[in-house]
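First comes the structure, then the notes that go with it.
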Amino acid sequence: MKRLYIIILLVYSSFGFSQTFYSEDMGSPATTTAIADHTFQNASPIIYSGTADVRTSTASTGYTGATGSGNVFFTGTVGRFLLIEGINTSSYSASDIQLSFGHHKSANAASNELIVEVSENGTDFTQLTYSRATGTGTSNWTLITITSGIPSTTNLRIRFTQTITTAQFRIDDVKLTNVSATCALSLETPVVACEASTLALDNYTVTIPFTGGSLATYTINAPGATIGGDNPSSVASGNIVLTYTEGTNFDVEITGGTCNLEVSGNSPECKPINTLPVNEPFNYTVGSELNASQMWTNASVGSDNILVATGNLNYTGITSTGNHVSFAGTGSDPRLPFTETTSGELYVSFLTSVTDITGVSGTTYFAVLNDGSNSFTTARIWMRNDGTQYQFGISPTAAAGDIVWSANLFNVGSTQYLVLGYDFGTNTLSLFENPTIGGTASTTVSVTPASAITSFAGFILRQDSATNTPAMLVDELTIDTLPNFTLSSSSFNAIDGLTMYPNPLKGNTLYLTSTANAIMTVQIFDVLGKEVLKSNVINNTVNVSGLNSGVYIVKITEEGKTATRKLVIQ
């Protein structure tokens, strides 16, 4: 189903419409790194020093131009600082220079803030004034813009300093911009909209409302865009409309008269909500990032994305196709959104192999069913080491005390078939380890959440840390409302030309045909996995008169090949 949505980009003061002459995205550290040891975006003559550090956790998001990945972290130690030196602002008037940066603080910071200071000589520092919301809900990223107090000098220093022991701060995307005070053209908040949301790359538009036009001749420079809408050179007020291909960030410069304006931002993700059942064989280019596919997005951003790797995992009863994905340690957490489910049952099935547990000593969850708000506080599959082996567990929360562990231990390098299921009616979360494909299965472990889960709308593969997340492979993912214990689209089509009709079935005769039209047998299971009928197919028919109305799983076998179908009897 196609989905059209609009993202309103936040604008603080006039910063978004200006000429950026210094920008620092804090780079991409492999792990927590001291300022002195880190490679920043800018090189000499820009110099970075301080006692803060650079991390990938809690990557920046939620404001225009948030780059994610690395950010500077200030622990709860008074005096921790970041100093940036060597910025030349002498070409700009002090009244036109603005400083902006992404800002994150823990909720317990209350009204306390980082001190932000500037200096021309490195000795005398002047504190700048800024503010952001305080209290509940402030533990997030926002964009801070300081519009005065930044000097015009050949060597500007900017210093950020921790002020409190009970809170933590982060900063990212430090920018200096030049805003002309005499420019008559005024740009308003840009609106970004996907023209469609499909599994292909879609176009999106950036609509920039303006006033104060027709007073000069303006040039609009927007690489990669088709420019349309109203012309500010001849129209006093209107909309500039730019069309881009999804995945291309927008960066627009408008010059003319005394104006030198810039509008920039990130491409939206024009991705659909995947319709159940979802079959994901990871049939993508080897080496590509999973979150770059149209079926997946990022639940959180880190420096290391989950990658597509060549080949497949194997399991009895499954014919794997496509490729598989591989990950280890810390990094981004890709999410597959799907049709929201609030009743009945939901099951996520996949093959997995833990290939290396060297250096892994902790406990972590690596697979999550979550809700539409992208919360992590729902159904999770955990793993931990037990000597040279490992085991799985489940929980409905992040608390270690809520984990129910399986007694089964597995060897490194072996392939396991895991099914995580939830019954909304009974409020039961279950894990099945290595069930028979297309057959019956007994629950390995189950748990009753203290608070019933109300919905599922996404599946996440999670990377925790180098000491918690081992090297892992995942293949043949299926998400469905039935416990059919069948993986990937290939499992549904193992028999060439197979058809089963009518479905839904109102009578007593089920018809089955195939290209080979060879001898077939069927097994029919109820939704609990109990076999309720086993029969040969005679003259392409099966008598199901003994079955009640309901939903069933039909396993068909022909010439050593098997396929599985869902059957509804009315």
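By convention here, the chains of the structure tokens are called A, B, ... in the order presented, each chain's residues are numbered starting at 1, and ligands are numbered starting at 1 in the order presented.
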> When DSSP works through the backbone of this structure, what residues of range 101-228 of chain A end up as strand (DSSP E), shown as a PyMOL selection string?
Replying inline: chain A and resi 101-105+115-119+126-127+141-146+156-161+169-178+186-187+191-194+203-211+219-221+226-228
>> If I take CA of Ser131 in chain A and CA of Gln162 in chain A, how far is one from the other in Å, to one decimal?
In response: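 According to the coordinates, CA of Ser131 in chain A and CA of Gln162 in chain A are separated by 15.1 Å.
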>> Report as a list in words all protein, DNA and RNA residues lying within 9 Å of Ala109 in chain A, evaluated on only C-alpha atoms, omitting residues in the same chain fewer than 2 positions from it.
In response: Lys105, Ser106, Ala107, Ser111, Asn112, Glu113, Thr134, Gly135, Thr138, Ser139, Ile164, Thr166, Ala167, Gln168 and Phe169 of chain A
File of the preceding selection, C-alpha atoms, as a PDB file, in the first residue's frame:
```
ATOM      1  CA  LYS A 105      20.783  16.798  27.398  1.00  0.00           C
ATOM      2  CA  SER A 106      19.538  14.257  29.897  1.00  0.00           C
ATOM      3  CA  ALA A 107      16.131  14.953  31.423  1.00  0.00           C
ATOM      4  CA  SER A 111      17.529  24.319  33.635  1.00  0.00           C
ATOM      5  CA  ASN A 112      21.278  23.626  33.629  1.00  0.00           C
ATOM      6  CA  GLU A 113      23.106  24.003  30.307  1.00  0.00           C
ATOM      7  CA  THR A 134      13.489  22.113  30.364  1.00  0.00           C
ATOM      8  CA  GLY A 135      11.739  19.368  32.284  1.00  0.00           C
ATOM      9  CA  THR A 138      13.858  17.224  27.062  1.00  0.00           C
ATOM     10  CA  SER A 139      16.036  14.135  26.770  1.00  0.00           C
ATOM     11  CA  ILE A 164      26.856  19.998  36.372  1.00  0.00           C
ATOM     12  CA  THR A 166      24.182  15.105  37.719  1.00  0.00           C
ATOM     13  CA  ALA A 167      23.494  15.420  33.969  1.00  0.00           C
ATOM     14  CA  GLN A 168      25.032  14.614  30.622  1.00  0.00           C
ATOM     15  CA  PHE A 169      25.161  16.636  27.397  1.00  0.00           C
TER      16      PHE A 169
END
```
> Distance CA of Ser233 in chain A-CA of Gly257 in chain A, one decimal place?
Replying inline: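 Separation between CA of Ser233 in chain A and CA of Gly257 in chain A: 10.3 Å.
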>> At a cut-off of 6 Å, using only C-alpha atoms, what residues contact Gln523 in chain A? Leave out same-chain residues fewer than 5 positions from it and give the result as a count of residues only.
In response: 4
>> List the spatial neighbours of Asp25 in chain A as a list of chain:residue names - criterion: any atom at most 7 Å away, only C-alpha atoms, same-chain residues fewer than 3 positions off excluded.
In response: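 In the requested form, the answer reads A:Gln41, A:Thr67, A:Asp172, A:Asp173, A:Val174.
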Using only C-alpha atoms, what does the table of range 412-459 of chain A residues within 7 Å of range 385-408 of chain A look like, with each row giving the shortest atom pair and its distance in Å to one decimal, sorted by chain and ascending number, as CSV?
```
residue,atom,partner,partner_atom,distance
A:Val412,CA,A:Gln389,CA,6.3
A:Leu431,CA,A:Ile394,CA,6.9
A:Thr444,CA,A:Ser406,CA,6.5
A:Val445,CA,A:Ser406,CA,6.0
A:Val447,CA,A:Val404,CA,7.0
A:Pro449,CA,A:Pro396,CA,5.9
```
Filtering to N, CA and C atoms, could you give me those residues as an mmCIF file, in the first residue's frame?
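Resulting contents of part.cif:
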```
data_model
loop_
_atom_site.group_PDB
_atom_site.id
_atom_site.type_symbol
_atom_site.label_atom_id
_atom_site.label_comp_id
_atom_site.auth_asym_id
_atom_site.auth_seq_id
_atom_site.Cartn_x
_atom_site.Cartn_y
_atom_site.Cartn_z
ATOM 1 N N VAL A 412 28.726 -22.583 18.361
ATOM 2 C CA VAL A 412 29.073 -21.508 17.432
ATOM 3 C C VAL A 412 29.176 -22.087 16.022
ATOM 4 N N LEU A 431 8.692 -18.401 22.521
ATOM 5 C CA LEU A 431 9.827 -18.654 21.643
ATOM 6 C C LEU A 431 9.829 -20.130 21.271
ATOM 7 N N THR A 444 9.247 -23.547 23.330
ATOM 8 C CA THR A 444 10.484 -23.760 24.084
ATOM 9 C C THR A 444 10.408 -23.024 25.413
ATOM 10 N N VAL A 445 10.103 -21.730 25.375
ATOM 11 C CA VAL A 445 9.878 -20.938 26.586
ATOM 12 C C VAL A 445 8.765 -19.946 26.297
ATOM 13 N N VAL A 447 6.350 -16.481 28.290
ATOM 14 C CA VAL A 447 6.246 -15.542 29.397
ATOM 15 C C VAL A 447 4.946 -14.761 29.240
ATOM 16 N N PRO A 449 3.556 -11.172 29.857
ATOM 17 C CA PRO A 449 3.954 -9.805 30.218
ATOM 18 C C PRO A 449 3.077 -9.231 31.330
#
```
>> Need to verify the contact set: Ser361 in chain A, 9 Å, only C-alpha atoms, exclusion of same-chain residues closer than 4 positions in sequence. Can you return it as a count of residues only?
In response: 5
> Smallest atom-to-atom distance to Phe525 in chain A: which of A:Leu185, A:Leu567, A:Val537, A:Pro502, using only C-alpha atoms?
Replying inline: A:Leu567
> From the list A:Ser332, A:Thr316, A:Thr481, A:Thr378, which residue is nearest Asp304 in chain A when using only C-alpha atoms?
Replying inline: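 Smallest distance to Asp304 in chain A is found for A:Ser332.
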>> Residues within 10 Å of Thr161 in chain A, please, as a VMD selection string. Count only C-alpha atoms; anything in the same chain fewer than 2 positions from it doesn't count.
In response: chain A and resid 50 to 52 74 77 to 83 113 to 117 159 163 to 164 169
> Closest to Asn155 in chain A among A:Leu477, A:Ile84, A:Val192, A:Leu199, using only C-alpha atoms?
Replying inline: A:Ile84
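Closest approach to Ile318 in chain A among A:Thr426, A:Thr436, A:Ser214, A:Ser442 is made by A:Thr436 (distances from only C-alpha atoms).
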